[in-house]
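Novice: Below you'll find query-v9.pdb; it's PDB, C-alpha atoms, pLDDT in the B column.
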MODEL        1
ATOM      1  CA  MET A   1       0.000   0.000   0.000  1.00 83.00           C
ATOM      2  CA  LYS A   2       1.475   3.306  -1.121  1.00 93.00           C
ATOM      3  CA  ILE A   3       1.347   6.036   1.548  1.00 97.00           C
ATOM      4  CA  VAL A   4       2.841   9.501   1.150  1.00 96.00           C
ATOM      5  CA  PHE A   5       2.528  12.454   3.496  1.00 97.00           C
ATOM      6  CA  ALA A   6       3.525  16.078   3.941  1.00 97.00           C
ATOM      7  CA  SER A   7       3.611  18.311   7.024  1.00 96.00           C
ATOM      8  CA  ARG A   8       3.490  21.998   7.882  1.00 93.00           C
ATOM      9  CA  SER A   9       3.713  24.012  11.108  1.00 90.00           C
ATOM     10  CA  GLN A  10       3.618  27.790  11.603  1.00 83.00           C
ATOM     11  CA  GLN A  11       3.822  29.945  14.715  1.00 76.00           C
ATOM     12  CA  GLY A  12       1.263  32.509  13.585  1.00 69.00           C
ATOM     13  CA  LEU A  13       0.988  35.546  15.862  1.00 69.00           C
ATOM     14  CA  ARG A  14       1.646  33.566  19.041  1.00 74.00           C
ATOM     15  CA  ASN A  15       4.791  34.141  21.097  1.00 74.00           C
ATOM     16  CA  GLU A  16       5.711  30.475  20.636  1.00 81.00           C
ATOM     17  CA  ASN A  17       4.615  27.442  18.680  1.00 82.00           C
ATOM     18  CA  GLN A  18       2.962  24.899  20.986  1.00 90.00           C
ATOM     19  CA  ASP A  19       1.959  22.587  18.121  1.00 92.00           C
ATOM     20  CA  ARG A  20       3.765  19.316  17.555  1.00 96.00           C
ATOM     21  CA  THR A  21       3.409  17.001  14.567  1.00 97.00           C
ATOM     22  CA  GLY A  22       4.936  13.594  13.950  1.00 97.00           C
ATOM     23  CA  ALA A  23       4.771  10.511  11.765  1.00 97.00           C
ATOM     24  CA  GLU A  24       6.121   6.973  11.846  1.00 96.00           C
ATOM     25  CA  LEU A  25       5.815   4.491   8.992  1.00 95.00           C
ATOM     26  CA  ASP A  26       7.079   0.961   8.593  1.00 93.00           C
ATOM     27  CA  PRO A  27       6.223  -1.771   6.066  1.00 92.00           C
ATOM     28  CA  SER A  28       3.217  -2.900   8.138  1.00 93.00           C
ATOM     29  CA  ASN A  29       1.799   0.189   9.846  1.00 95.00           C
ATOM     30  CA  ALA A  30       1.644   3.976   9.897  1.00 97.00           C
ATOM     31  CA  CYS A  31       0.889   6.572  12.556  1.00 97.00           C
ATOM     32  CA  PHE A  32       0.347  10.325  12.097  1.00 98.00           C
ATOM     33  CA  VAL A  33       0.013  12.644  15.102  1.00 98.00           C
ATOM     34  CA  VAL A  34      -0.838  16.304  15.690  1.00 98.00           C
ATOM     35  CA  CYS A  35      -0.893  17.837  19.185  1.00 97.00           C
ATOM     36  CA  ASP A  36      -1.712  21.412  20.210  1.00 95.00           C
ATOM     37  CA  GLY A  37      -0.766  22.573  23.705  1.00 94.00           C
ATOM     38  CA  VAL A  38      -3.789  24.141  25.414  1.00 92.00           C
ATOM     39  CA  ALA A  39      -3.298  27.900  25.567  1.00 80.00           C
ATOM     40  CA  GLY A  40      -3.496  29.922  28.774  1.00 75.00           C
ATOM     41  CA  LEU A  41      -1.781  27.296  30.927  1.00 82.00           C
ATOM     42  CA  PRO A  42       1.996  26.960  31.350  1.00 88.00           C
ATOM     43  CA  GLY A  43       3.637  23.951  29.760  1.00 93.00           C
ATOM     44  CA  GLY A  44       1.354  23.434  26.767  1.00 94.00           C
ATOM     45  CA  ASP A  45       4.330  22.934  24.466  1.00 94.00           C
ATOM     46  CA  GLN A  46       5.802  20.340  26.827  1.00 96.00           C
ATOM     47  CA  ALA A  47       2.490  18.498  27.069  1.00 97.00           C
ATOM     48  CA  ALA A  48       2.183  18.385  23.266  1.00 97.00           C
ATOM     49  CA  GLN A  49       5.723  17.135  22.834  1.00 97.00           C
ATOM     50  CA  LEU A  50       5.433  14.506  25.560  1.00 98.00           C
ATOM     51  CA  VAL A  51       2.252  13.036  24.072  1.00 98.00           C
ATOM     52  CA  ARG A  52       3.590  13.123  20.522  1.00 98.00           C
ATOM     53  CA  ASP A  53       6.905  11.515  21.456  1.00 97.00           C
ATOM     54  CA  SER A  54       5.331   8.883  23.702  1.00 97.00           C
ATOM     55  CA  LEU A  55       2.749   7.806  21.133  1.00 97.00           C
ATOM     56  CA  LEU A  56       5.282   7.495  18.318  1.00 97.00           C
ATOM     57  CA  HIS A  57       7.718   5.625  20.591  1.00 95.00           C
ATOM     58  CA  GLN A  58       5.057   3.083  21.511  1.00 95.00           C
ATOM     59  CA  PHE A  59       4.235   2.673  17.823  1.00 93.00           C
ATOM     60  CA  LYS A  60       7.768   1.437  17.189  1.00 85.00           C
ATOM     61  CA  ASP A  61       7.455  -1.322  19.789  1.00 72.00           C
ATOM     62  CA  CYS A  62       3.862  -2.465  19.223  1.00 81.00           C
ATOM     63  CA  PRO A  63       3.342  -6.246  19.073  1.00 77.00           C
ATOM     64  CA  ALA A  64       0.023  -6.018  17.211  1.00 85.00           C
ATOM     65  CA  PHE A  65      -1.242  -2.815  15.629  1.00 93.00           C
ATOM     66  CA  THR A  66      -4.951  -2.721  16.456  1.00 95.00           C
ATOM     67  CA  PRO A  67      -7.469  -0.152  17.744  1.00 97.00           C
ATOM     68  CA  ALA A  68      -7.157  -1.760  21.192  1.00 96.00           C
ATOM     69  CA  PHE A  69      -3.395  -1.230  21.159  1.00 96.00           C
ATOM     70  CA  THR A  70      -3.748   2.419  20.139  1.00 97.00           C
ATOM     71  CA  GLN A  71      -6.289   3.032  22.911  1.00 97.00           C
ATOM     72  CA  GLN A  72      -3.846   1.607  25.450  1.00 96.00           C
ATOM     73  CA  ALA A  73      -1.022   3.681  23.967  1.00 96.00           C
ATOM     74  CA  ILE A  74      -2.990   6.919  24.297  1.00 98.00           C
ATOM     75  CA  GLU A  75      -3.916   6.097  27.891  1.00 97.00           C
ATOM     76  CA  GLN A  76      -0.211   5.521  28.555  1.00 97.00           C
ATOM     77  CA  CYS A  77       0.455   9.003  27.143  1.00 97.00           C
ATOM     78  CA  ARG A  78      -2.132  10.386  29.563  1.00 97.00           C
ATOM     79  CA  THR A  79      -0.496   8.585  32.497  1.00 97.00           C
ATOM     80  CA  LEU A  80       2.942   9.937  31.583  1.00 97.00           C
ATOM     81  CA  LEU A  81       1.487  13.434  31.292  1.00 97.00           C
ATOM     82  CA  TYR A  82      -0.057  13.232  34.761  1.00 96.00           C
ATOM     83  CA  GLU A  83       3.282  12.044  36.151  1.00 96.00           C
ATOM     84  CA  ALA A  84       5.035  15.002  34.516  1.00 96.00           C
ATOM     85  CA  GLN A  85       2.439  17.375  35.996  1.00 96.00           C
ATOM     86  CA  GLY A  86       3.170  16.008  39.463  1.00 94.00           C
ATOM     87  CA  LYS A  87       6.891  16.586  39.155  1.00 94.00           C
ATOM     88  CA  ASN A  88       6.614  20.317  38.527  1.00 90.00           C
ATOM     89  CA  PRO A  89       3.907  22.418  40.268  1.00 90.00           C
ATOM     90  CA  LYS A  90       4.381  25.131  37.639  1.00 91.00           C
ATOM     91  CA  PHE A  91       3.085  22.729  34.984  1.00 93.00           C
ATOM     92  CA  SER A  92       0.476  20.958  37.104  1.00 93.00           C
ATOM     93  CA  ARG A  93      -2.317  21.791  34.635  1.00 93.00           C
ATOM     94  CA  MET A  94      -0.485  21.489  31.329  1.00 96.00           C
ATOM     95  CA  SER A  95      -2.560  19.724  28.687  1.00 97.00           C
ATOM     96  CA  THR A  96      -2.808  19.165  24.974  1.00 97.00           C
ATOM     97  CA  THR A  97      -5.246  18.318  22.224  1.00 97.00           C
ATOM     98  CA  LEU A  98      -4.612  15.224  20.126  1.00 98.00           C
ATOM     99  CA  ALA A  99      -5.531  14.087  16.625  1.00 98.00           C
ATOM    100  CA  ALA A 100      -4.029  10.814  15.435  1.00 98.00           C
ATOM    101  CA  LEU A 101      -4.499   8.689  12.334  1.00 98.00           C
ATOM    102  CA  PHE A 102      -3.578   5.003  12.445  1.00 98.00           C
ATOM    103  CA  ILE A 103      -3.166   2.723   9.420  1.00 97.00           C
ATOM    104  CA  ASN A 104      -2.646  -1.027   9.325  1.00 96.00           C
ATOM    105  CA  ARG A 105      -1.056  -1.532   5.925  1.00 95.00           C
ATOM    106  CA  GLU A 106      -1.475  -5.305   5.988  1.00 94.00           C
ATOM    107  CA  THR A 107      -5.252  -5.269   6.535  1.00 96.00           C
ATOM    108  CA  GLN A 108      -5.604  -1.974   4.613  1.00 97.00           C
ATOM    109  CA  ARG A 109      -7.682  -0.511   7.411  1.00 98.00           C
ATOM    110  CA  ALA A 110      -7.514   2.857   9.147  1.00 98.00           C
ATOM    111  CA  TRP A 111      -8.949   4.454  12.271  1.00 98.00           C
ATOM    112  CA  TRP A 112      -8.354   7.665  14.155  1.00 98.00           C
ATOM    113  CA  ALA A 113      -8.601   9.247  17.592  1.00 98.00           C
ATOM    114  CA  HIS A 114      -8.944  12.769  18.905  1.00 98.00           C
ATOM    115  CA  ALA A 115      -9.292  14.855  22.048  1.00 98.00           C
ATOM    116  CA  GLY A 116     -10.070  18.567  21.923  1.00 96.00           C
ATOM    117  CA  ASP A 117     -10.423  20.589  18.727  1.00 95.00           C
ATOM    118  CA  SER A 118      -7.616  19.207  16.592  1.00 97.00           C
ATOM    119  CA  ARG A 119      -9.266  17.344  13.723  1.00 98.00           C
ATOM    120  CA  VAL A 120      -8.988  14.411  11.337  1.00 98.00           C
ATOM    121  CA  TYR A 121     -10.616  14.871   7.910  1.00 98.00           C
ATOM    122  CA  HIS A 122     -11.181  11.930   5.555  1.00 98.00           C
ATOM    123  CA  PHE A 123     -11.707  12.578   1.846  1.00 96.00           C
ATOM    124  CA  ARG A 124     -12.862   9.917  -0.606  1.00 94.00           C
ATOM    125  CA  ARG A 125     -12.975  10.535  -4.376  1.00 90.00           C
ATOM    126  CA  GLY A 126     -12.178  14.166  -3.652  1.00 90.00           C
ATOM    127  CA  ILE A 127     -15.175  14.738  -1.372  1.00 93.00           C
ATOM    128  CA  LEU A 128     -15.220  15.098   2.415  1.00 96.00           C
ATOM    129  CA  HIS A 129     -16.338  11.741   3.779  1.00 96.00           C
ATOM    130  CA  GLU A 130     -15.924  12.154   7.546  1.00 96.00           C
ATOM    131  CA  VAL A 131     -14.551  14.629  10.068  1.00 97.00           C
ATOM    132  CA  THR A 132     -14.114  14.435  13.818  1.00 97.00           C
ATOM    133  CA  ARG A 133     -16.452  16.352  16.133  1.00 96.00           C
ATOM    134  CA  ASP A 134     -14.671  18.877  18.355  1.00 96.00           C
ATOM    135  CA  HIS A 135     -14.738  18.492  22.110  1.00 94.00           C
ATOM    136  CA  SER A 136     -15.622  22.156  22.549  1.00 89.00           C
ATOM    137  CA  LEU A 137     -18.430  24.313  23.846  1.00 87.00           C
ATOM    138  CA  ALA A 138     -18.790  25.886  20.390  1.00 84.00           C
ATOM    139  CA  GLN A 139     -19.390  22.450  18.853  1.00 84.00           C
ATOM    140  CA  ARG A 140     -22.015  21.558  21.456  1.00 84.00           C
ATOM    141  CA  LEU A 141     -23.872  24.807  20.869  1.00 83.00           C
ATOM    142  CA  LYS A 142     -23.747  24.259  17.111  1.00 81.00           C
ATOM    143  CA  GLU A 143     -25.187  20.758  17.487  1.00 78.00           C
ATOM    144  CA  ALA A 144     -27.935  22.208  19.695  1.00 79.00           C
ATOM    145  CA  GLY A 145     -28.918  24.565  16.877  1.00 79.00           C
ATOM    146  CA  TYR A 146     -27.201  27.736  18.054  1.00 78.00           C
ATOM    147  CA  GLU A 147     -25.118  29.317  15.288  1.00 69.00           C
ATOM    148  CA  ASN A 148     -22.818  32.357  15.412  1.00 60.00           C
ATOM    149  CA  THR A 149     -23.022  32.665  19.181  1.00 57.00           C
ATOM    150  CA  GLY A 150     -19.670  34.395  19.451  1.00 60.00           C
ATOM    151  CA  ILE A 151     -18.468  31.735  21.888  1.00 63.00           C
ATOM    152  CA  ASN A 152     -14.696  31.298  21.920  1.00 65.00           C
ATOM    153  CA  SER A 153     -13.993  28.137  19.940  1.00 65.00           C
ATOM    154  CA  ASN A 154     -11.026  27.407  22.231  1.00 72.00           C
ATOM    155  CA  LEU A 155     -13.248  26.542  25.204  1.00 86.00           C
ATOM    156  CA  LEU A 156     -12.612  22.797  25.406  1.00 93.00           C
ATOM    157  CA  TYR A 157     -14.156  20.159  27.635  1.00 92.00           C
ATOM    158  CA  ASN A 158     -11.657  17.447  26.744  1.00 95.00           C
ATOM    159  CA  ALA A 159      -7.878  17.404  26.364  1.00 96.00           C
ATOM    160  CA  LEU A 160      -5.117  15.063  27.500  1.00 97.00           C
ATOM    161  CA  GLY A 161      -3.904  16.176  30.926  1.00 95.00           C
ATOM    162  CA  ALA A 162      -7.044  18.181  31.718  1.00 94.00           C
ATOM    163  CA  GLU A 163      -9.368  17.507  34.643  1.00 92.00           C
ATOM    164  CA  PRO A 164     -11.753  15.860  34.804  1.00 93.00           C
ATOM    165  CA  SER A 165     -10.289  13.086  32.693  1.00 94.00           C
ATOM    166  CA  ARG A 166     -12.559  12.180  29.765  1.00 95.00           C
ATOM    167  CA  PRO A 167     -12.289   9.372  27.197  1.00 95.00           C
ATOM    168  CA  VAL A 168     -10.595  10.047  23.898  1.00 97.00           C
ATOM    169  CA  SER A 169     -12.953   9.639  20.925  1.00 98.00           C
ATOM    170  CA  PHE A 170     -12.169   6.811  18.499  1.00 98.00           C
ATOM    171  CA  SER A 171     -13.578   6.211  15.043  1.00 98.00           C
ATOM    172  CA  GLU A 172     -14.657   2.873  13.665  1.00 97.00           C
ATOM    173  CA  GLN A 173     -12.195   1.064  11.427  1.00 98.00           C
ATOM    174  CA  ILE A 174     -12.614   1.758   7.716  1.00 98.00           C
ATOM    175  CA  LEU A 175     -11.410  -0.265   4.745  1.00 98.00           C
ATOM    176  CA  LEU A 176      -9.141   2.012   2.759  1.00 97.00           C
ATOM    177  CA  GLU A 177      -9.624   2.695  -0.937  1.00 95.00           C
ATOM    178  CA  ASP A 178      -7.036   3.765  -3.453  1.00 93.00           C
ATOM    179  CA  GLY A 179      -7.322   7.533  -3.586  1.00 93.00           C
ATOM    180  CA  ASP A 180      -8.303   8.160   0.031  1.00 96.00           C
ATOM    181  CA  ALA A 181      -6.836  11.342   1.502  1.00 97.00           C
ATOM    182  CA  PHE A 182      -6.580  12.522   5.091  1.00 98.00           C
ATOM    183  CA  LEU A 183      -5.887  15.868   6.745  1.00 98.00           C
ATOM    184  CA  VAL A 184      -4.800  15.832  10.412  1.00 98.00           C
ATOM    185  CA  CYS A 185      -4.595  19.389  11.735  1.00 97.00           C
ATOM    186  CA  THR A 186      -4.889  21.857  14.604  1.00 94.00           C
ATOM    187  CA  ASP A 187      -7.671  24.415  14.931  1.00 92.00           C
ATOM    188  CA  GLY A 188      -5.366  27.199  13.743  1.00 90.00           C
ATOM    189  CA  PHE A 189      -5.304  25.467  10.370  1.00 93.00           C
ATOM    190  CA  TRP A 190      -8.924  24.382   9.853  1.00 94.00           C
ATOM    191  CA  LEU A 191     -10.426  27.596  11.253  1.00 90.00           C
ATOM    192  CA  ASN A 192      -8.939  29.458   8.289  1.00 89.00           C
ATOM    193  CA  LEU A 193     -10.253  27.042   5.639  1.00 92.00           C
ATOM    194  CA  THR A 194     -13.641  25.887   4.460  1.00 93.00           C
ATOM    195  CA  THR A 195     -14.377  22.290   3.532  1.00 94.00           C
ATOM    196  CA  HIS A 196     -15.021  23.502  -0.020  1.00 93.00           C
ATOM    197  CA  GLU A 197     -11.504  24.996  -0.184  1.00 93.00           C
ATOM    198  CA  MET A 198      -9.990  21.712   1.009  1.00 95.00           C
ATOM    199  CA  GLU A 199     -11.905  19.748  -1.636  1.00 93.00           C
ATOM    200  CA  GLN A 200     -11.147  22.275  -4.353  1.00 92.00           C
ATOM    201  CA  ALA A 201      -7.427  22.176  -3.560  1.00 92.00           C
ATOM    202  CA  LEU A 202      -7.475  18.368  -3.736  1.00 93.00           C
ATOM    203  CA  ARG A 203      -8.917  18.513  -7.255  1.00 90.00           C
ATOM    204  CA  MET A 204      -6.202  20.896  -8.458  1.00 89.00           C
ATOM    205  CA  VAL A 205      -3.010  19.035  -7.542  1.00 91.00           C
ATOM    206  CA  ASN A 206      -0.967  15.988  -8.514  1.00 91.00           C
ATOM    207  CA  ALA A 207       0.980  15.426  -5.282  1.00 92.00           C
ATOM    208  CA  CYS A 208       0.323  15.346  -1.548  1.00 94.00           C
ATOM    209  CA  GLU A 209       2.878  18.098  -0.924  1.00 95.00           C
ATOM    210  CA  GLU A 210       1.104  20.311  -3.473  1.00 94.00           C
ATOM    211  CA  TRP A 211      -2.263  19.763  -1.777  1.00 95.00           C
ATOM    212  CA  LEU A 212      -0.950  20.865   1.609  1.00 96.00           C
ATOM    213  CA  ALA A 213       0.955  23.800   0.098  1.00 94.00           C
ATOM    214  CA  LEU A 214      -2.170  25.014  -1.720  1.00 94.00           C
ATOM    215  CA  MET A 215      -4.235  24.859   1.469  1.00 94.00           C
ATOM    216  CA  GLU A 216      -1.464  26.634   3.362  1.00 91.00           C
ATOM    217  CA  ASP A 217      -1.507  29.417   0.772  1.00 90.00           C
ATOM    218  CA  ALA A 218      -5.236  29.861   1.389  1.00 89.00           C
ATOM    219  CA  VAL A 219      -4.641  29.947   5.153  1.00 90.00           C
ATOM    220  CA  ASN A 220      -1.881  32.524   4.722  1.00 85.00           C
ATOM    221  CA  ARG A 221      -4.323  34.935   3.112  1.00 82.00           C
ATOM    222  CA  ASN A 222      -6.085  35.223   6.479  1.00 76.00           C
ATOM    223  CA  VAL A 223      -4.840  36.663   9.770  1.00 63.00           C
ATOM    224  CA  LYS A 224      -2.980  33.784  11.389  1.00 64.00           C
ATOM    225  CA  LYS A 225      -3.475  34.478  15.092  1.00 70.00           C
ATOM    226  CA  ASP A 226      -2.932  30.930  16.331  1.00 71.00           C
ATOM    227  CA  ASN A 227      -0.297  28.277  15.756  1.00 81.00           C
ATOM    228  CA  LEU A 228      -1.326  26.244  12.733  1.00 87.00           C
ATOM    229  CA  SER A 229      -0.098  22.778  11.862  1.00 93.00           C
ATOM    230  CA  ALA A 230      -1.194  19.997   9.550  1.00 97.00           C
ATOM    231  CA  LEU A 231      -0.300  16.599   8.171  1.00 98.00           C
ATOM    232  CA  ALA A 232      -1.674  15.575   4.760  1.00 98.00           C
ATOM    233  CA  VAL A 233      -1.747  11.847   3.996  1.00 98.00           C
ATOM    234  CA  TRP A 234      -2.458  10.209   0.636  1.00 96.00           C
ATOM    235  CA  ILE A 235      -3.316   6.568   0.070  1.00 96.00           C
ATOM    236  CA  GLY A 236      -2.436   5.409  -3.427  1.00 91.00           C
ATOM    237  CA  GLU A 237      -3.226   7.982  -6.107  1.00 83.00           C
ATOM    238  CA  PRO A 238      -5.911  10.452  -4.923  1.00 77.00           C
ATOM    239  CA  GLN A 239      -5.364  12.691  -7.943  1.00 74.00           C
ATOM    240  CA  GLU A 240      -6.436   9.882 -10.303  1.00 73.00           C
ATOM    241  CA  ALA A 241      -9.417   8.774  -8.189  1.00 64.00           C
ATOM    242  CA  THR A 242     -10.554  12.380  -7.810  1.00 67.00           C
ATOM    243  CA  LEU A 243     -10.262  13.033 -11.558  1.00 61.00           C
ATOM    244  CA  LEU A 244     -12.225   9.900 -12.495  1.00 56.00           C
ATOM    245  CA  TYR A 245     -14.955  10.772 -10.010  1.00 55.00           C
ATOM    246  CA  SER A 246     -15.128  14.382 -11.219  1.00 53.00           C
ATOM    247  CA  LEU A 247     -15.401  13.289 -14.857  1.00 50.00           C
ATOM    248  CA  ALA A 248     -18.111  10.760 -14.059  1.00 47.00           C
ATOM    249  CA  ASP A 249     -20.014  13.342 -12.011  1.00 43.00           C
ATOM    250  CA  SER A 250     -19.742  15.937 -14.761  1.00 37.00           C
ATOM    251  CA  ALA A 251     -21.003  13.465 -17.339  1.00 39.00           C
ATOM    252  CA  ARG A 252     -24.328  13.284 -15.498  1.00 32.00           C
ATOM    253  CA  PHE A 253     -25.039  16.900 -16.466  1.00 31.00           C
ATOM    254  CA  LEU A 254     -24.095  16.680 -20.150  1.00 35.00           C
ATOM    255  CA  PRO A 255     -27.060  16.939 -22.527  1.00 43.00           C
ATOM    256  CA  PRO A 256     -27.938  13.698 -24.340  1.00 44.00           C
ATOM    257  CA  ARG A 257     -26.728  13.344 -27.894  1.00 48.00           C
TER     258      ARG A 257
ENDMDL
END
Is it possible to express this structure as C-alpha cells?

Specialist:
Amino acid sequence: MKIVFASRSQQGLRNENQDRTGAELDPSNACFVVCDGVAGLPGGDQAAQLVRDSLLHQFKDCPAFTPAFTQQAIEQCRTLLYEAQGKNPKFSRMSTTLAALFINRETQRAWWAHAGDSRVYHFRRGILHEVTRDHSLAQRLKEAGYENTGINSNLLYNALGAEPSRPVSFSEQILLEDGDAFLVCTDGFWLNLTTHEMEQALRMVNACEEWLALMEDAVNRNVKKDNLSALAVWIGEPQEATLLYSLADSARFLPPR
C-alpha cells in the first residue's frame, strides 16, 4: 500500500509554537500525530511534545497494531502526562489536544482518535467523507442549533492532561480505498479554511505536498493568530481517483446526444 505524506507548522501571531506534529511508517503500519498545547496554561508545548513523542515511541514497539493497542497507547500518554504534571507544580495543569491517524497496511484498514479541537478529515474521491467532532463548547452549541453565538472556539471540555479526565474519541475502522486522503490538523489550520476549499485544492493538484501547500496558501491569506499545523496523507493515487470521479459526475449533467 502506497502512503505519502507532507507536514506543515507555523507559529502565527503567538509568542511560541505549541503545536507538535509527527509521523512513523514501517512496512506494516503507519501513525500520524498532531498535538496542540492548550493555551493559557503553562507547559502546553511540553504536554504536546510529551504526548507526541510517547505515542510514536510506543508505535515502534507495538506487538500487534490494532485499535485496542492504540487506545492503550494513548492512555499511557495520559499517564505519563499526569506524572510530569506532578513533578513540577508550575506545569500541574499542562494539557494538549490530540488528533491521530492510524493505518494497518497489511489489513488496509484505518482508524483515528482525537481529544479537543484538533481534527482528522477523511476525503474519498475528492469529497469530504468524515470529520471528527470537536470536544468544545462551540461544537455543542452548534449541534444544539445555536449558530454564530460568538463563543470562543477554544473553550474545550476534553484534552489530555485536563481535569476531569474524559475518554478520547475513536472512530470505527474503515477499509481504505485507493485515492483516500486525510488531513490531520490543529484548529489554527482548519479555522482558516472551508471544507469547499480543502476539496477544491485536492482537485487541483498531482501530489500530496502540493495539496498541503495550496491549502497553506489559502490559510496565509487570512490573519494567522494561532499556531497552525497539519499533516496531509495520501493513500495510493488520490489525484487519479478524484479526476475519475469528477469526470463521471460531470457526465451526469451533459445533454444527451

Novice: Give me the result of the PyMOL selection byres ((chain A and resi 28) around 12) on this file, residue by residue, as a list of chain:residue names.

Specialist: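 For this structure, the PyMOL selection byres ((chain A and resi 28) around 12) resolves to A:Met1, A:Lys2, A:Ile3, A:Glu24, A:Leu25, A:Asp26, A:Pro27, A:Asn29, A:Ala30, A:Cys31, A:Phe59, A:Lys60, A:Cys62, A:Pro63, A:Ala64, A:Phe65, A:Thr66, A:Phe102, A:Ile103, A:Asn104, A:Arg105, A:Glu106, A:Thr107, A:Gln108, A:Arg109.
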
Novice: For the provided coordinates, the residues matched by the PyMOL selection byres ((chain A and resi 76) around 12) should be stated as a PyMOL selection string.

Specialist: chain A and resi 50-59+69-75+77-83+160-161

Novice: Would you please work out which residue, of A:Ala230, A:Ala84, A:Val33, A:Leu156, is nearest to A:Ala47 when using all atoms listed in the file?

Specialist: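 Looking at the shortest contact to A:Ala47, the residue is A:Ala84.
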
Novice: Let me make sure I understand: among A:Ala39, A:Leu98, A:Ala68, A:Ala201, which one has the smallest atom-to-atom distance to A:Glu16 if we use all atoms listed in the file?

Specialist: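 Nearest candidate to A:Glu16 out of A:Ala39, A:Leu98, A:Ala68, A:Ala201: A:Ala39.
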
Novice: Between atom CA of A:Asn227 and atom CA of A:Ala159, measure the distance and give it in Å to one decimal.

Specialist: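 Computed distance, atom CA of A:Asn227 to atom CA of A:Ala159, equals 17.0 Å.
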
Novice: Please write as a ChimeraX atom specification the full residue list that the PyMOL selection byres ((chain A and resi 15) around 12) yields on this file.

Specialist: /A:10-14,16-18,39,45,225-227

Novice: Tell me which residues come within 12 Å of (-9.2, 6.0, 12.9), as a count of residues only, counting all atoms listed in the file in the file's coordinates.

Specialist: 39

Novice: Check the smallest atom-to-atom distance from each of A:Arg124, A:Arg166, A:His135, A:Arg8 to A:Asp180 using only C-alpha atoms, then report the winner.

Specialist: A:Arg124

Novice: Just the number, please: distance in Å from atom CA of A:Pro42 to atom CA of A:Arg93, one decimal.

Specialist: 7.5 Å

Novice: Pick from A:Arg221, A:Lys87, A:Arg125, A:Arg140: nearest to A:Trp234, with only C-alpha atoms counted?

Specialist: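 Nearest to A:Trp234: A:Arg125.
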
Novice: Which residues, written as a list in words, have at least one atom at most 7 Å from A:Phe189, with all atoms listed in the file counted and residues fewer than 5 positions away on the same chain left out?

Specialist: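 The contact residues come out as Val219, Leu228, Ser229 and Ala230 of chain A.
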
Novice: One decimal, Å: what's the distance from atom CA of A:Asp134 over to atom CA of A:Ser118, could you say?

Specialist: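 Atom-to-atom, atom CA of A:Asp134 to atom CA of A:Ser118, that is 7.3 Å.
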
Novice: Counting only C-alpha atoms, which of A:Tyr157, A:Phe123, A:Phe5, A:Phe91 gets nearest to A:Thr195?

Specialist: A:Phe123

Novice: Pick the closest to A:Gly22 from A:Met198, A:Met215, A:Ala207, A:Ala232: which is it, counting all atoms listed in the file?

Specialist: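 The closest residue to A:Gly22 is A:Ala232.
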